[in-house]
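Trainee: This is the structure I want to talk about, given as structure tokens.
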Number of protein chains: 2
Amino acid sequence: METKMKESQLVTKDQLFEHWEGHRRLTRRVIEAFPENELFTFNIGGMRPFGAIVQELLAIAEPGLKGIVTGDWQPFDESLKYSTKEELLEAWDRTTANLPSLWEQLKEERFQQTVLSFEQYEGTGISTLQYFVDNEIHHRGQGYVYLRALGIEPPFFWERE
Amino acid sequence: METKMKESQLVTKDQLFEHWEGHRRLTRRVIEAFPENELFTFNIGGMRPFGAIVQELLAIAEPGLKGIVTGDWQPFDESLKYSTKEELLEAWDRTTANLPSLWEQLKEERFQQTVLSFEQYEGTGISTLQYFVDNEIHHRGQGYVYLRALGIEPPFFWERE
């Protein structure tokens, strides 16, 4: 019965989480690839340094998933809390540690229900989660250009382990 | 009955296509935002100009979906076929016109079956489709930095209509 349900899904809940986690592992490697100083200062065309982008991603991932699970939202807060690479990586790893139990609490019916994320952005559960991941990919792509401009080879895009 | 099936899906086949199409509409706007000459010449850190990236995306979208649908794969060919913005946009629009009928032919069971895309990359149907979209978002993010470096404001990331 369980197998049958799984087969009837285009994508399973586990697969959606594994996809997100794979992207988060890659983003962590991009953070690691930045030299400490450039992480918080280097930019192109007036865009934010990659460290500021990472704080946006941190402000989305755990608070966002918590909001989808519980329906309780805090105002969106991407203010700059960390000023060293180590602090940023520690914050990243705390999020990584906290996501699985939140994901476990996420009920399957939430994916098709309406969500007003951060009390501002209307979508379904699934479109909101897709937006979180897409936004991370988009901004990480920006990080790739920063690294190349700094003469640093970024991690392979397809490597997600 | 159909409603019940739909409700049991975390994400429907239609929604997955709409998500991809939304990203393709945004990418089209990024192509349009480039000045003709910079589209094929401007780069940062030795990376490809955005025009070359777009030819990669064209080499993936329609041949890739056709391969998933039919199981027939042609060797991956991202060679540079277009040298003007108009040609590139025409090619983009041909792909846009051809994707819906291919998507219609895509059987739901393909999403969880093994796919060896371009006879090289093993995944499931869904992970392969996710890779196509993720790769487009990633490289388009690169295009955003190029535009900013050129002093041009890119289209809003959240605008997908």
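Letters A, B, ... go to the chains of the structure tokens in the order shown; residues in each chain start at 1; ligands are counted from 1 in the same order.
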Do you know which residues are at most 10 Å from B:His138 counting only C-alpha atoms, after dropping those on the same chain fewer than 6 positions away, and could you put them as a count of residues only?

Mentor: 11

Trainee: DSSP on the backbone, then: every residue of stretch 31-125 of chain B marked alpha helix (DSSP H), written as number ranges by chain.

Mentor: B: 31-33, 36-41, 50-70, 85-105, 125

Trainee: Using N, CA and C atoms, can you export the residues from the last selection as a compact mmCIF listing (two decimals), in the first residue's frame?

Mentor:
```
# COMPACT_ATOMS: atom_id res chain seq x y z
N ILE B 31 17.41 37.71 -21.32
CA ILE B 31 18.03 37.82 -22.66
C ILE B 31 17.70 39.20 -23.26
N GLU B 32 16.42 39.55 -23.20
CA GLU B 32 15.99 40.84 -23.77
C GLU B 32 16.69 42.02 -23.15
N ALA B 33 17.03 41.91 -21.86
CA ALA B 33 17.64 43.04 -21.15
C ALA B 33 19.07 43.31 -21.60
N GLU B 36 22.59 44.03 -27.46
CA GLU B 36 22.99 43.07 -28.51
C GLU B 36 24.46 42.64 -28.40
N ASN B 37 25.34 43.61 -28.36
CA ASN B 37 26.77 43.27 -28.43
C ASN B 37 27.23 42.55 -27.16
N GLU B 38 26.82 43.07 -26.01
CA GLU B 38 27.26 42.49 -24.74
C GLU B 38 26.73 41.07 -24.55
N LEU B 39 25.63 40.75 -25.16
CA LEU B 39 25.06 39.41 -25.04
C LEU B 39 26.04 38.34 -25.50
N PHE B 40 26.85 38.68 -26.49
CA PHE B 40 27.78 37.70 -27.06
C PHE B 40 29.24 37.95 -26.72
N THR B 41 29.51 39.01 -25.99
CA THR B 41 30.92 39.33 -25.70
C THR B 41 31.22 39.53 -24.21
N PHE B 50 26.61 35.62 -21.81
CA PHE B 50 25.27 35.09 -21.54
C PHE B 50 24.67 34.42 -22.77
N GLY B 51 25.02 34.91 -23.97
CA GLY B 51 24.51 34.28 -25.20
C GLY B 51 24.91 32.81 -25.32
N ALA B 52 26.14 32.49 -24.89
CA ALA B 52 26.60 31.10 -24.93
C ALA B 52 25.87 30.26 -23.89
N ILE B 53 25.59 30.87 -22.74
CA ILE B 53 24.83 30.17 -21.70
C ILE B 53 23.43 29.84 -22.22
N VAL B 54 22.82 30.79 -22.92
CA VAL B 54 21.47 30.57 -23.44
C VAL B 54 21.47 29.41 -24.44
N GLN B 55 22.55 29.28 -25.22
CA GLN B 55 22.60 28.17 -26.17
C GLN B 55 22.71 26.83 -25.43
N GLU B 56 23.37 26.83 -24.28
CA GLU B 56 23.36 25.62 -23.44
C GLU B 56 21.93 25.31 -22.98
N LEU B 57 21.23 26.34 -22.53
CA LEU B 57 19.86 26.12 -22.03
C LEU B 57 18.94 25.61 -23.14
N LEU B 58 19.14 26.12 -24.35
CA LEU B 58 18.35 25.64 -25.50
C LEU B 58 18.70 24.19 -25.83
N ALA B 59 19.96 23.84 -25.64
CA ALA B 59 20.41 22.47 -25.94
C ALA B 59 19.86 21.47 -24.93
N ILE B 60 19.43 21.98 -23.77
CA ILE B 60 18.91 21.10 -22.72
C ILE B 60 17.39 20.98 -22.80
N ALA B 61 16.68 22.10 -22.91
CA ALA B 61 15.23 22.10 -22.65
C ALA B 61 14.46 21.16 -23.56
N GLU B 62 14.43 21.44 -24.85
CA GLU B 62 13.60 20.62 -25.74
C GLU B 62 14.22 19.24 -26.01
N PRO B 63 15.52 19.15 -26.34
CA PRO B 63 16.10 17.81 -26.52
C PRO B 63 16.00 16.98 -25.23
N GLY B 64 16.13 17.64 -24.09
CA GLY B 64 16.08 16.92 -22.82
C GLY B 64 14.69 16.39 -22.53
N LEU B 65 13.68 17.23 -22.71
CA LEU B 65 12.31 16.77 -22.46
C LEU B 65 11.92 15.68 -23.47
N LYS B 66 12.33 15.87 -24.72
CA LYS B 66 12.06 14.86 -25.74
C LYS B 66 12.68 13.52 -25.35
N GLY B 67 13.90 13.58 -24.84
CA GLY B 67 14.59 12.36 -24.40
C GLY B 67 13.85 11.67 -23.26
N ILE B 68 13.40 12.45 -22.30
CA ILE B 68 12.68 11.85 -21.16
C ILE B 68 11.37 11.22 -21.65
N VAL B 69 10.70 11.89 -22.56
CA VAL B 69 9.42 11.39 -23.06
C VAL B 69 9.60 10.12 -23.90
N THR B 70 10.57 10.15 -24.82
CA THR B 70 10.68 9.08 -25.81
C THR B 70 11.72 8.02 -25.46
N LYS B 85 20.82 38.62 -31.14
CA LYS B 85 19.81 38.51 -30.08
C LYS B 85 18.48 38.05 -30.67
N GLU B 86 18.17 38.53 -31.88
CA GLU B 86 16.92 38.15 -32.51
C GLU B 86 16.86 36.64 -32.78
N GLU B 87 17.94 36.10 -33.31
CA GLU B 87 18.00 34.65 -33.57
C GLU B 87 17.85 33.86 -32.28
N LEU B 88 18.50 34.37 -31.24
CA LEU B 88 18.46 33.67 -29.95
C LEU B 88 17.03 33.68 -29.39
N LEU B 89 16.37 34.83 -29.49
CA LEU B 89 15.00 34.92 -28.98
C LEU B 89 14.04 34.07 -29.83
N GLU B 90 14.29 34.02 -31.14
CA GLU B 90 13.46 33.16 -32.00
C GLU B 90 13.62 31.69 -31.61
N ALA B 91 14.86 31.29 -31.37
CA ALA B 91 15.11 29.91 -30.96
C ALA B 91 14.44 29.63 -29.61
N TRP B 92 14.52 30.63 -28.73
CA TRP B 92 13.88 30.49 -27.41
C TRP B 92 12.38 30.28 -27.57
N ASP B 93 11.78 31.08 -28.45
CA ASP B 93 10.33 31.02 -28.64
C ASP B 93 9.91 29.73 -29.35
N ARG B 94 10.76 29.20 -30.23
CA ARG B 94 10.45 27.90 -30.85
C ARG B 94 10.40 26.82 -29.77
N THR B 95 11.37 26.84 -28.88
CA THR B 95 11.36 25.87 -27.77
C THR B 95 10.10 26.04 -26.93
N THR B 96 9.78 27.29 -26.60
CA THR B 96 8.59 27.57 -25.80
C THR B 96 7.34 27.00 -26.47
N ALA B 97 7.28 27.10 -27.80
CA ALA B 97 6.12 26.61 -28.55
C ALA B 97 6.08 25.08 -28.59
N ASN B 98 7.25 24.45 -28.53
CA ASN B 98 7.31 22.98 -28.67
C ASN B 98 7.19 22.22 -27.36
N LEU B 99 7.48 22.88 -26.25
CA LEU B 99 7.47 22.15 -24.97
C LEU B 99 6.08 21.63 -24.56
N PRO B 100 5.01 22.40 -24.74
CA PRO B 100 3.72 21.92 -24.20
C PRO B 100 3.26 20.56 -24.75
N SER B 101 3.43 20.32 -26.05
CA SER B 101 2.95 19.04 -26.58
C SER B 101 3.85 17.90 -26.12
N LEU B 102 5.14 18.19 -25.94
CA LEU B 102 6.02 17.16 -25.37
C LEU B 102 5.62 16.85 -23.94
N TRP B 103 5.35 17.91 -23.18
CA TRP B 103 4.96 17.72 -21.77
C TRP B 103 3.68 16.90 -21.68
N GLU B 104 2.77 17.14 -22.61
CA GLU B 104 1.52 16.40 -22.62
C GLU B 104 1.77 14.90 -22.82
N GLN B 105 2.79 14.59 -23.63
CA GLN B 105 3.12 13.18 -23.91
C GLN B 105 3.87 12.51 -22.76
N GLY B 125 13.26 10.59 -13.67
CA GLY B 125 12.63 11.60 -14.50
C GLY B 125 12.52 12.92 -13.76
```

Trainee: Any idea which chain B residues end up within 8 Å of chain A if we count only C-alpha atoms, as a ChimeraX atom specification please?

Mentor: /B:7-13,44-47,108-109,111-112,126,134,137-142,144-145,148-151

Trainee: Return as a list in words the full set of residues in stretch 5-161 of chain A whose backbone-based DSSP assignment is strand (DSSP E or B).

Mentor: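 Of stretch 5-161 of chain A, the ones in strand (DSSP E or B) are Thr114, Val115, Leu116, Ser117, Tyr121, Glu122, Gly123 and Thr124 of chain A.
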
Trainee: So how far away is atom CA of A:Glu21 from atom CA of A:Phe132, in Å?

Mentor: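 The value is 11.8 Å.
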
Trainee: Could you tell me how far atom CA of B:Pro49 sits from atom CA of B:Tyr82, in Å to one decimal place?

Mentor: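 Atom CA of B:Pro49 lies 12.8 Å from atom CA of B:Tyr82.
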
Trainee: For a test of reading the model, state the distance in Å between atom CA of B:Lys107 and atom CA of B:Phe76, rounded to one decimal.

Mentor: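 Those two atoms sit 23.1 Å apart.
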
Trainee: Which of these residues is nearest to B:Leu106, using only C-alpha atoms: B:Gly71, B:Ser79, B:Phe118, B:Arg48?

Mentor: B:Gly71
